Structure formats: C-alpha cells, structure tokens
Amino acid sequence: MSGGSGVMKGRRGLVMGVANNRSIAWGIAKSCHEQGAELAFTYQGEALEKRVRPLAAELGAAVVGHCDVTDPATIDQVFEEVKRVWGGLDFLVHCIAFSDKDELTGRYIETSADNFSKSLFISCYSFTAIAQRAEKLMQPGGAMLTLTYYGAEKWMPHYNVMGVAKAALEASVRYLAADLGPNGIRVNAVSAGPIKTLAASGIGDFRYILKWNELNSPLRRTVTIEEVGDVGMYLVSDLSRGVTGEIHHVDAGYHVVGMKNPDAPDLTLAKD
Ligand SMILES: NC(=O)c1ccc[n+]([C@@H]2O[C@H](COP(=O)([O-])OP(=O)(O)OC[C@H]3O[C@@H](n4cnc5c(N)ncnc54)[C@H](O)[C@@H]3O)[C@@H](O)[C@H]2O)c1
C-alpha cells in the first residue's frame, strides 16, 4: 500500500479484464491496491498471460488462471481456484467486452446475427455468468462492478452493436442489484469516457471520438484509467455501501452536454 488511506484493507477482489497496463481494469486494480485491497487476476489466453503475470507481481497479486468467458468451464475453474486460495470473495471487477472489429464501423443495421450474439454474450451475459459464481463466495458487504459506455444511452458513430450490448449490460446491473440486494451484495457500473486502450482501438474513428470529447466535455479533457480506477475502487469499497444498481459516469461530464461547445474548433479540424 502506498499513499492510500486503507479503505480497502481486508477486502479481497477478483479483477477480470486486464490486457496490459493501459487497461481500465488495471487502473481499478491499482487504486484498490493503493487502498489496501488484496487482488487476484485472470487473463484471456497465453498471449495476455505474459502481460498479466508481471503486472500482478507489481501489486503482489495472485493469478488465478485463464478465463475465456465463452468457455464456462474456464469460469468455473477460476472461481474454484479463488475459493481454494481465499475461501471467499469481497469484490469482483468485470472489464470484459468484445465485438468483431469489422462491425464497429459504418452502420448498425449491417450487424450480423452471429456477431450480435457473440457481442451480447461476451460483453453482457458474461457479467451475469460471473455474478452467478461470485454470489456463492460473497458475504453481505460484497460488491460487483462492470464497465459501460455512454453509447448505451445515445447513438455514437461506429459503436453499433456494442451500444446495444452496453444497454443490455446496464439493464442487467439493475436486475442483478435487485436479485443480490437482499443478500447485502451490491452491483454497480462505471460509465467511462473514451480512453485509448486495446479494445478501443477496434472502434472506427476512435481518435476523432477522443478529440470530440476533449473539446466538448465540461472539463474540456478526457479521463484517465486512474480516474476511472478511483471511482471503481469507491464502488467496490464500503464507502459506497448505500449505493447499488447505479451507472456512475466518469467522463469529464460529457453525458450532461446536449450540443457542441460553440468555442470548440471546426469539426473537420478536430478530426486531424
Ligand atoms: N476504452 C474505452 O474508451 C472504454 C470506455 C467505456 C467503457 N469501456 C469498457 O471497459 C472495459 C475494459 O475495456 P478496456 O477499454 O480497458 O480495453 P482492454 O482491451 O484493455 O480490455 C478488454 C478486456 O476484455 C477481455 N476479453 C475480451 N473477450 C473476452 C473473453 N471472451 N473472455 C475473457 N475476457 C475477454 C480482454 O482479454 C481484455 O482484457 C470493456 O467493457 C469496455 O467496453 C471502455
């Protein structure tokens, strides 16, 4: 622990979705660690294992194995390992999404049935599948967190089927919160502004989206994984013990804006 006030001391959390040190999951993990949490990570496949293991070591965290959410046996294995190592779980961080890159450009209407199913399964259903396993390991005071984007609420260029998947994910946060609330387990989401990560690089014109947010958000900038991380940490800590079913925006205020900032430069200039 370095510099934190220790609000996460004694809490043990599973972080799913670290791909590298630019991942939002990594920002959340760092913040939880700084506040005293004990962490465990999963990775998706051998290529990412090489990145995740050294990062986990940096935080003195455990690595509980490979998890591909399309393979339920790997989810079961990870939760069995968490149970074996810790016996229980205080919080869960789900930062997992996928869609075919070819359909994250152009028109939503072109979405194929196959990619629709795959995107909704990985980006939305996986949170429910994981919550089913996590519930069994949690006591009252447990907390679950997922990551969403404003493209769930409003049309965004190129976000397409991911917007539909995130809308379903946000609805599932509310349903899971209602299911798990009587057991004292909370379920929330952070709606992060655009950040340059591996997943985001698959979205068409992403640089343009970043620039637009920078010029038009109330804070006139974009956000960092550390800023998302601190809010994520708050939502899985006892500080937010009265909060559940919430979609908390960490987007420099962009979601309150209804029109282009008149002082922002011309759009064609902003695209460069
Ligand atoms: N970057 C942004 O602008 C932004 C904004 C809002 C929300 N989000 C969301 O944040 C979350 C994390 O994304 P990120 O931007 O940090 O990118 P990232 O590429 O660092 O993380 C995405 C993660 O999803 C995992 N994943 C994909 N398919 C999987 C599968 N089948 N099984 C297991 N894991 C799988 C990858 O391994 C990776 O670790 C995603 O839900 C994303 O939609 C991102």
# chains A, B, ... in the order shown; residues from 1 in each chain; ligands from 1
$ residues_near_ligand --ligand "ligand 1" --cutoff "8 Å" --atoms "only C-alpha atoms and all ligand atoms" --output "JSON, numbers by chain"
{"A": [16, 17, 18, 19, 20, 21, 22, 23, 24, 25, 26, 43, 44, 45, 48, 67, 68, 69, 70, 71, 94, 95, 96, 97, 98, 122, 123, 146, 147, 148, 149, 150, 162, 166, 190, 191, 192, 193, 194, 195, 196, 197, 198, 199, 200]}
$ closest_atom_pairs --of "stretch 79-126 of chain A" --to "stretch 31-35 of chain A" --cutoff "12 Å" --atoms "only C-alpha atoms" --output "JSON lines"
{"residue": "A:Phe91", "atom": "CA", "partner": "A:Cys32", "partner_atom": "CA", "distance": 10.4}
{"residue": "A:Leu92", "atom": "CA", "partner": "A:Cys32", "partner_atom": "CA", "distance": 11.3}
{"residue": "A:Val93", "atom": "CA", "partner": "A:Cys32", "partner_atom": "CA", "distance": 10.5}
$ select_by_dssp --residues "stretch 7-186 of chain A" --states "strand (DSSP E)" --output "list in words"
Arg12, Gly13, Leu14, Val15, Met16, Glu38, Leu39, Ala40, Phe41, Thr42, Tyr43, Ala62, Val63, Val64, Gly65, His66, Phe91, Leu92, Val93, His94, Ala143, Met144, Leu145, Thr146, Leu147, Thr148 and Arg186 of chain A
$ write_last_selection --atoms "C-alpha atoms" --output "PDB file, in the first residue's frame"
ATOM      1  CA  ARG A  12     -10.135  -9.405  -1.442  1.00  0.00           C
ATOM      2  CA  GLY A  13     -11.130  -8.892  -5.053  1.00  0.00           C
ATOM      3  CA  LEU A  14     -11.022 -10.688  -8.379  1.00  0.00           C
ATOM      4  CA  VAL A  15     -10.157  -8.460 -11.348  1.00  0.00           C
ATOM      5  CA  MET A  16     -11.127  -9.787 -14.801  1.00  0.00           C
ATOM      6  CA  GLU A  38      -5.671  -7.955  -1.866  1.00  0.00           C
ATOM      7  CA  LEU A  39      -6.146  -8.866  -5.543  1.00  0.00           C
ATOM      8  CA  ALA A  40      -6.337 -11.792  -7.932  1.00  0.00           C
ATOM      9  CA  PHE A  41      -6.287 -11.546 -11.734  1.00  0.00           C
ATOM     10  CA  THR A  42      -7.466 -13.684 -14.619  1.00  0.00           C
ATOM     11  CA  TYR A  43      -6.089 -13.478 -18.151  1.00  0.00           C
ATOM     12  CA  ALA A  62      -2.349 -13.753  -7.290  1.00  0.00           C
ATOM     13  CA  VAL A  63      -3.043 -15.013 -10.818  1.00  0.00           C
ATOM     14  CA  VAL A  64      -5.935 -17.469 -10.716  1.00  0.00           C
ATOM     15  CA  GLY A  65      -5.791 -18.624 -14.309  1.00  0.00           C
ATOM     16  CA  HIS A  66      -7.032 -18.361 -17.840  1.00  0.00           C
ATOM     17  CA  PHE A  91     -15.484  -7.827  -4.634  1.00  0.00           C
ATOM     18  CA  LEU A  92     -15.452  -8.533  -8.328  1.00  0.00           C
ATOM     19  CA  VAL A  93     -14.341  -6.264 -11.197  1.00  0.00           C
ATOM     20  CA  HIS A  94     -15.609  -7.201 -14.678  1.00  0.00           C
ATOM     21  CA  ALA A 143     -19.683  -5.748  -4.341  1.00  0.00           C
ATOM     22  CA  MET A 144     -19.600  -6.288  -8.095  1.00  0.00           C
ATOM     23  CA  LEU A 145     -18.604  -3.769 -10.742  1.00  0.00           C
ATOM     24  CA  THR A 146     -18.741  -3.658 -14.530  1.00  0.00           C
ATOM     25  CA  LEU A 147     -17.735  -1.109 -17.170  1.00  0.00           C
ATOM     26  CA  THR A 148     -20.048   0.567 -19.630  1.00  0.00           C
ATOM     27  CA  ARG A 186     -24.188  -4.550  -4.372  1.00  0.00           C
TER      28      ARG A 186
END
$ residues_around --residues "A:Asp76" --least-positions-apart "4" --cutoff "8 Å" --atoms "only C-alpha atoms" --output "list in words"
Pro72, Glu80 and Arg133 of chain A
$ write_last_selection --atoms "N, CA, C and O atoms" --output "JSON list (two decimals), in the first residue's frame"
[["chain", "number", "residue", "atom", "x", "y", "z"],
["A", 72, "PRO", "N", -17.52, -21.79, -20.39],
["A", 72, "PRO", "CA", -17.95, -21.76, -18.97],
["A", 72, "PRO", "C", -17.05, -22.58, -18.05],
["A", 72, "PRO", "O", -16.90, -22.24, -16.87],
["A", 80, "GLU", "N", -13.27, -21.79, -8.69],
["A", 80, "GLU", "CA", -12.81, -22.87, -7.79],
["A", 80, "GLU", "C", -11.45, -22.49, -7.19],
["A", 80, "GLU", "O", -11.20, -22.73, -6.01],
["A", 133, "ARG", "N", -21.43, -17.15, -10.14],
["A", 133, "ARG", "CA", -20.37, -17.84, -9.39],
["A", 133, "ARG", "C", -19.92, -16.98, -8.20],
["A", 133, "ARG", "O", -19.67, -17.51, -7.12]]
$ atom_distance --atom1 "atom CA of A:Trp86" --atom2 "atom CA of A:Leu137"
9.5 Å
$ select_by_dssp --residues "stretch 11-172 of chain A" --states "helix (DSSP H, G or I)" --output "count of residues only"
87
$ residues_around --residues "stretch 102-112 of chain A" --least-positions-apart "6" --cutoff "8 Å" --atoms "only C-alpha atoms" --output "list in words"
Pro157, His158, Tyr159, Asn160, Val161, Met162, Gly202, Ile203 and Gly204 of chain A
$ write_last_selection --atoms "N, CA and C atoms" --output "short mmCIF file (atom, residue, chain, number, x, y, z; two decimals), in the first residue's frame"
data_model
loop_
_atom_site.label_atom_id
_atom_site.label_comp_id
_atom_site.auth_asym_id
_atom_site.auth_seq_id
_atom_site.Cartn_x
_atom_site.Cartn_y
_atom_site.Cartn_z
N PRO A 157 -21.21 7.31 -33.23
CA PRO A 157 -20.75 6.76 -34.51
C PRO A 157 -19.91 5.50 -34.31
N HIS A 158 -20.15 4.49 -35.09
CA HIS A 158 -19.38 3.23 -35.14
C HIS A 158 -19.54 2.31 -33.93
N TYR A 159 -20.16 2.78 -32.84
CA TYR A 159 -20.24 1.94 -31.64
C TYR A 159 -21.21 0.77 -31.87
N ASN A 160 -22.22 1.02 -32.67
CA ASN A 160 -23.10 -0.03 -33.21
C ASN A 160 -23.54 -1.08 -32.20
N VAL A 161 -23.27 -2.35 -32.48
CA VAL A 161 -23.79 -3.44 -31.62
C VAL A 161 -23.25 -3.35 -30.19
N MET A 162 -22.09 -2.70 -30.01
CA MET A 162 -21.58 -2.54 -28.65
C MET A 162 -22.50 -1.63 -27.84
N GLY A 202 -10.27 -0.90 -31.66
CA GLY A 202 -11.10 -1.57 -32.65
C GLY A 202 -12.28 -0.72 -33.13
N ILE A 203 -12.52 0.41 -32.47
CA ILE A 203 -13.69 1.24 -32.82
C ILE A 203 -13.30 2.26 -33.89
N GLY A 204 -14.09 2.34 -34.93
CA GLY A 204 -13.80 3.23 -36.05
C GLY A 204 -13.67 4.69 -35.60
#
$ atom_distance --atom1 "atom CA of A:Ser126" --atom2 "atom CA of A:Thr224"
25.1 Å
$ closest_residue --among "A:Pro54, A:Gly163, A:Gly142, A:Gly87" --to "A:Arg11" --atoms "only C-alpha atoms"
A:Gly142
$ residues_around --residues "A:Asn261" --least-positions-apart "3" --cutoff "10 Å" --atoms "only C-alpha atoms" --output "JSON, numbers by chain"
{"A": [212, 215, 216, 217, 218, 220, 257, 258, 264, 265]}
